[in-house]
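The structure appears right after this line, and notes come after that.
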Amino acid sequence: MGARLADAVSPYLRAHAGNPVDWFPWGDDAFAEARRRDVPLLISIGYATCHWCHVMARESFGDALTAHELNAHFVAVKVDREEHPDVDASYLAAASAFTRELGWPLTVFATPDGRAFYAGTYFPPLPQRGMPSFRQVLGAVGEAWRDRRGQLEETAAAVATALAAASLAPTGGALPGEQELGAAVAELAADEDRVHGGFGGAPKFPIAPVLGFLAQNAGEGRELARRTLLAMAGSPLRDGIDGGFFRYATRSDWSEPHYERMLTDNALLLDVSVELARGAEAGDADEDDGDAVAAVGRGIVDYLTTTLQLPDGGFASAQDSESLVDGVRTEGGYATADAERRRTLEPPPLDEKVLTGWNGLAIGALARAAPVLGVPDALVAARRSAGYLLAEHVSPDGVVRRASRDGVVSSARAALEDVGMLAGGLIGLALATGDVDHATVARTLIDAALDAAPDATADDDVTAAEPSAVFAVPGGADPVLAERGLALPTDPAEGVAPSGITACATAAWRLWLLGAGDRYREAAERAMRQLAGAALERPIAFGAALELMTRLAAPVVQLVVVVPERDGSGRPRGDDELLRAARAAEASLVVIVTEREAAAFADAGFDLFAGRRLIDGRTAAYRCREFVCALPVTDRAALEGLVP
């Protein structure tokens with residue numbers, strides 16, 4: 001019955017190909033079939049490493065009687081939320097009208113034109129704890145469609161109207177300054193679990209974007225980020241054997257994790273580790289804490305490069321929570337085994353779907369980790385991933401694709417996060433390697449996102465009903481959603497990863513720092529002004545945006561260090577003391593290049609690099625304040641003596 005899923009790029013869809021349910025993948029064919037039969041759609045959304053998705057698949061979608069009822073009265077659509085994030089966001093928003101318990105699997109009933117009229121999450125095979133069985137839900141919805149169809153269609157129309165109105169709600173404010181950002185830090189500190197670390201109660205997530213914001217704020221913020229990271233690292237949330245972090249814990253003491261591991265969490269937590277380790281090198285933490293943070297980062301690098309990186313160079317999106325232990329499928333059986341026992345077990349499978357944006361996060365984090373943590377293999381891994389993405393996910397005419405598996409590229413449209421995160425990763429790689437080509441590709445990606453957006457004034461009217469989008473996905477939203485009026489604006493909230501808006505704005509800001517032109521700074525500031533009000537109101541949900549706002553509020557310091565050469569592995573060779581001081585410096589941007597690389601950046605239109613040369617053949621550091629540069633210095637003491 002699941003023949004339509006057998007060749008899907010998504011491992012999640014392929015896992016359902018053997019179900020007795022007559023699944024359709026996301027696309028026009030499913031809607032056409034629902035119209036032809038005049039029946040509702042059952043849209044089931046999940047992802048390959050989702051534990052309760054596995055459970056519902058075994059209990060209900062694999063059951064012949066349930067499948068018979070589903071096939072007789074519905075058109076069933078299976079969606080990988082990671083392959084189609086815009087579809088997931090649209091139906092998750094609609095589901096919030098029917099349940100407060102949002103999550104996955106997401107179970108949505110919709111009219112043949114795709115408008116939701118009822119939704120829930122996991123439904124058991126038998127009634128339990130006041131929850132109806134899935135077959136009871138199917139029966140009730142089918143009966144309502146036959147007998148009270150007009151009422152359901154009114155509900156669907158009302159939900160769609162409410163979502164459209166909410167998406168046009170006013171937003172924005174002035175860019176926050178030191179006082180407002182300090183208040184956001186204080187609010188997060190007040191929500192800290194002083195006993196176990198982290199924020200709030202159970203379930204408890206790493207919330208890596210928030211830690212990234214805190215790590216940018218010297219003093220209370222950075223100490224809170226360090227305390228939280230080390231608390232998580234010493235808890236069951238982290239695999240002490242291979243160094244990766246699990247997705248979240250079901251208890252406030254970080255115990256009883258859900259054992260799937262996500263590329264996003266680990267890439268972002270690596271970035272936090274690098275920032276805190278860099279700060280410790282500059283003297284803002286004691287040596288033991290600095291060493292502990294660096295060890296956490298090296299553990300994540302090891303997990304990314306030995307477990308999640310695939311033979312073709314791309315990073316798998318996740319690792320499953322379930323595996324076979326002694327012939328029994330269990331959640332966490334492998335993760336809770338010791339190192340000796342693991343040698344006898346098959347590790348949990350990977351979701352080998354390569355996602356553009358998520359790989360971009362890993363590329364940037366690994367590139368930054370290599371020099372700070374002393375792990376050159378991280379840079380090798382970042383280069384391999386970038387090579388795969390540029391060969392397979394970016395077409396010669398610049399069109400970005402969302403996903404692939406085994407070199408087969410999905411037809412799914414890229415999301416805005418793919419554009420911004422890939423651009424950000426390529427900029428990080430360019431700075432680490434001196435390869436200007438990666439920076440020029442990043443600039444092309446951000447240019448396309450700027451050009452795809454509606455025209456915006458130089459200073460948006462943030463009280464307007466619909467502030468102009470600053471960035472947009474070239475080619476537009478998912479066409480199936482767009483055709484039916486179901487596409488929503490990019491969600492700016494940042495629970496587990498930066499939003500597409502923030503990712504693009506951060507990349508634009510870094511392009512400006514490199515001297516690509518004022519257009520990029522203005523775009524970053526416009527985007528952040530539109531998010532400022534919501535971010536200051538709910539800092540726990542806007543960590544990456546607040547991190548960028550912190551950078552925008554700080555004095556602009558650019559540090560370019562020119563070295564005589566690189567060694568065979570690509571590491572810069574020069575005055576080691578001067579290089580260490582440069583990497584630990586409080587600066588908006590630190591980049592180490594050879595004379596030849598500096599000239600290539602300048603020739604490509606990155607004006608920060610114009611005229612950057614060695615001094616009498618020696619390593620030279622150029623410290624600039626918003627492109628106004630001091631005379632170059634050639635030793636550590638002179639660099640540290642420059643006016644902050």
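By order in the structure tokens, chains are A, B, ...; within a chain, residues start at 1; ligands start at 1, following the order shown.
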
* To do: Excluding Leu65 in chain A and residues on its chain fewer than 4 positions from it, collect all residues at most 10 Å away from it, counting only C-alpha atoms, and give them as an NGL selection string.
  => :A and (20-21 or 60-61 or 69-71 or 135)

* To do: Write out as a ChimeraX atom specification which residues come within 10 Å of Val159 in chain A when counting only C-alpha atoms, dropping same-chain ones fewer than 6 positions away.
  => /A:93-98,115-118,153,165

* Excluding same-chain residues fewer than 5 positions from range 244-247 of chain A, what lies within 10 Å of it counting only C-alpha atoms, as a VMD selection string? -> chain A and resid 204 to 207 232 to 233 235 to 239 257 to 267 269 to 270 296 to 297 299 to 304 307 to 308 318 to 319 321 335 496

Once you have the residues from the selection above, write them out as a tab-separated table (two decimals), in the first residue's frame, restricted to C-alpha atoms.
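And here's part30.tsv as it stands now:
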```tsv
chain	number	residue	atom	x	y	z
A	204	LYS	CA	13.88	20.51	30.01
A	205	PHE	CA	15.65	21.38	26.76
A	206	PRO	CA	19.18	22.71	26.16
A	207	ILE	CA	17.77	25.86	24.45
A	232	MET	CA	24.10	19.67	31.26
A	233	ALA	CA	27.46	18.14	30.40
A	235	SER	CA	24.11	15.11	33.59
A	236	PRO	CA	22.40	12.22	31.76
A	237	LEU	CA	21.55	14.65	28.96
A	238	ARG	CA	25.08	14.14	27.61
A	239	ASP	CA	26.46	10.83	26.45
A	257	PRO	CA	16.31	11.88	28.40
A	258	HIS	CA	14.57	11.31	25.14
A	259	TYR	CA	17.57	9.73	23.55
A	260	GLU	CA	17.41	11.02	20.00
A	261	ARG	CA	20.30	13.32	19.14
A	262	MET	CA	19.88	16.24	16.77
A	263	LEU	CA	22.48	17.87	14.56
A	264	THR	CA	21.06	21.29	15.47
A	265	ASP	CA	21.51	20.90	19.23
A	266	ASN	CA	25.03	19.56	18.96
A	267	ALA	CA	26.23	22.11	16.39
A	269	LEU	CA	26.17	23.69	21.74
A	270	LEU	CA	29.57	23.31	20.09
A	296	VAL	CA	32.73	19.47	26.26
A	297	GLY	CA	33.40	21.08	22.90
A	299	GLY	CA	33.47	15.75	22.79
A	300	ILE	CA	30.85	17.29	20.50
A	301	VAL	CA	33.39	17.56	17.68
A	302	ASP	CA	34.13	13.87	18.11
A	303	TYR	CA	30.43	12.97	18.00
A	304	LEU	CA	29.79	15.06	14.92
A	307	THR	CA	28.95	9.46	14.20
A	308	LEU	CA	26.89	12.04	12.33
A	318	ALA	CA	19.76	13.10	13.71
A	319	GLN	CA	20.38	9.78	15.44
A	321	SER	CA	16.52	7.08	20.20
A	335	ALA	CA	22.70	5.06	25.11
A	496	VAL	CA	16.02	24.89	19.26
```

* Point-to-point distance from CA of Gly221 in chain A to CA of Gly424 in chain A, Å rounded to tenths ->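 Computed distance, CA of Gly221 in chain A to CA of Gly424 in chain A, equals 23.9 Å.
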
* To do: For Asp191 in chain A, please output as a VMD selection string all residues within 12 Å (counting only C-alpha atoms; exclusion window: fewer than 6 positions along the same chain).
  => chain A and resid 184 to 185 197 to 201 224 538 to 540

* To do: Name the residues in contact with Val372 in chain A at a cut-off of 10 Å, using only C-alpha atoms, excluding same-chain residues fewer than 6 positions from it; report them as a PyMOL selection string.
  => chain A and resi 273-275+277-278+281+294+297+580+583-584

* Contacts of range 324-327 of chain A at 10 Å or less, counting only C-alpha atoms, minus same-chain residues fewer than 3 places along, as a PyMOL selection string? -> chain A and resi 330-334+337+342+344-349

Save out the residues we just selected, N, CA and C atoms, as a CSV table (one decimal), in the first residue's frame.
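part.csv, written as the output of this step:
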```csv
chain,number,residue,atom,x,y,z
A,330,THR,N,14.3,-1.1,21.8
A,330,THR,CA,14.2,-0.3,23.0
A,330,THR,C,14.6,1.2,22.8
A,331,GLU,N,14.0,2.0,23.6
A,331,GLU,CA,14.5,3.4,23.6
A,331,GLU,C,15.6,3.6,24.6
A,332,GLY,N,16.7,4.1,24.2
A,332,GLY,CA,17.8,4.3,25.1
A,332,GLY,C,18.6,3.1,25.5
A,333,GLY,N,18.3,2.0,25.0
A,333,GLY,CA,19.1,0.8,25.4
A,333,GLY,C,20.6,0.9,25.1
A,334,TYR,N,20.9,1.4,23.9
A,334,TYR,CA,22.3,1.6,23.6
A,334,TYR,C,22.9,2.8,24.3
A,337,ALA,N,24.0,1.9,27.8
A,337,ALA,CA,25.0,0.9,28.0
A,337,ALA,C,26.4,1.4,28.2
A,342,ARG,N,28.6,-1.6,24.6
A,342,ARG,CA,28.2,-1.0,23.3
A,342,ARG,C,29.0,-1.7,22.2
A,344,THR,N,29.2,-4.7,21.6
A,344,THR,CA,28.4,-5.8,21.2
A,344,THR,C,27.0,-5.4,20.6
A,345,LEU,N,26.7,-4.1,20.6
A,345,LEU,CA,25.4,-3.7,20.1
A,345,LEU,C,25.5,-2.9,18.8
A,346,GLU,N,24.4,-2.9,18.1
A,346,GLU,CA,24.3,-2.1,16.9
A,346,GLU,C,23.9,-0.7,17.3
A,347,PRO,N,24.6,0.3,17.0
A,347,PRO,CA,24.1,1.7,17.4
A,347,PRO,C,22.8,2.1,16.8
A,348,PRO,N,22.1,3.0,17.4
A,348,PRO,CA,20.8,3.5,16.8
A,348,PRO,C,21.1,4.0,15.4
A,349,PRO,N,20.1,3.8,14.6
A,349,PRO,CA,20.3,4.3,13.2
A,349,PRO,C,20.3,5.8,13.1
```

* Asked: Could you name the residues that touch range 2-10 of chain A at 9 Å or less, counting only C-alpha atoms, but leaving out those on the same chain fewer than 2 positions away, as a ChimeraX atom specification?
  -> /A:12-25,47-48,78,80,82-83,351-353,403-406,408-411

* Select, from A:Arg443, A:Arg226, A:Arg402, A:Arg35, the residue with the minimum atom-to-atom distance to Asp478 in chain A, counting only C-alpha atoms. =>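 Using only C-alpha atoms, the shortest distance to Asp478 in chain A belongs to A:Arg402.
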
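Minimum atom-to-atom distance to Ala415 in chain A, evaluated using only C-alpha atoms, belongs to A:Ala449 out of A:Ala386, A:Cys624, A:Ala449, A:Ala432.
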
* To do: as a PyMOL selection string, list the residues of range 240-389 of chain A assigned to helix (DSSP H, G or I) by DSSP on the backbone atoms of this structure.
  => chain A and resi 263-281+287-308+339-342+356-373+376-389

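Of the listed residues (A:Gly212, A:Val593, A:Glu522, A:Asp575), A:Asp575 comes nearest to Arg636 in chain A; the distances count only C-alpha atoms.
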
* Which residue gives the smallest distance to Pro124 in chain A among A:Ala183, A:Arg81, A:Gly139, A:Val55, with only C-alpha atoms counted? -> A:Val55

* DSSP says strand (DSSP E or B) for which residues of range 434-574 of chain A? Put them as number ranges by chain? -> A: 494, 542, 557-563, 565-566, 572-573

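Across the structure, CA of Asp435 in chain A and CA of Ala545 in chain A are spaced 27.7 Å apart.
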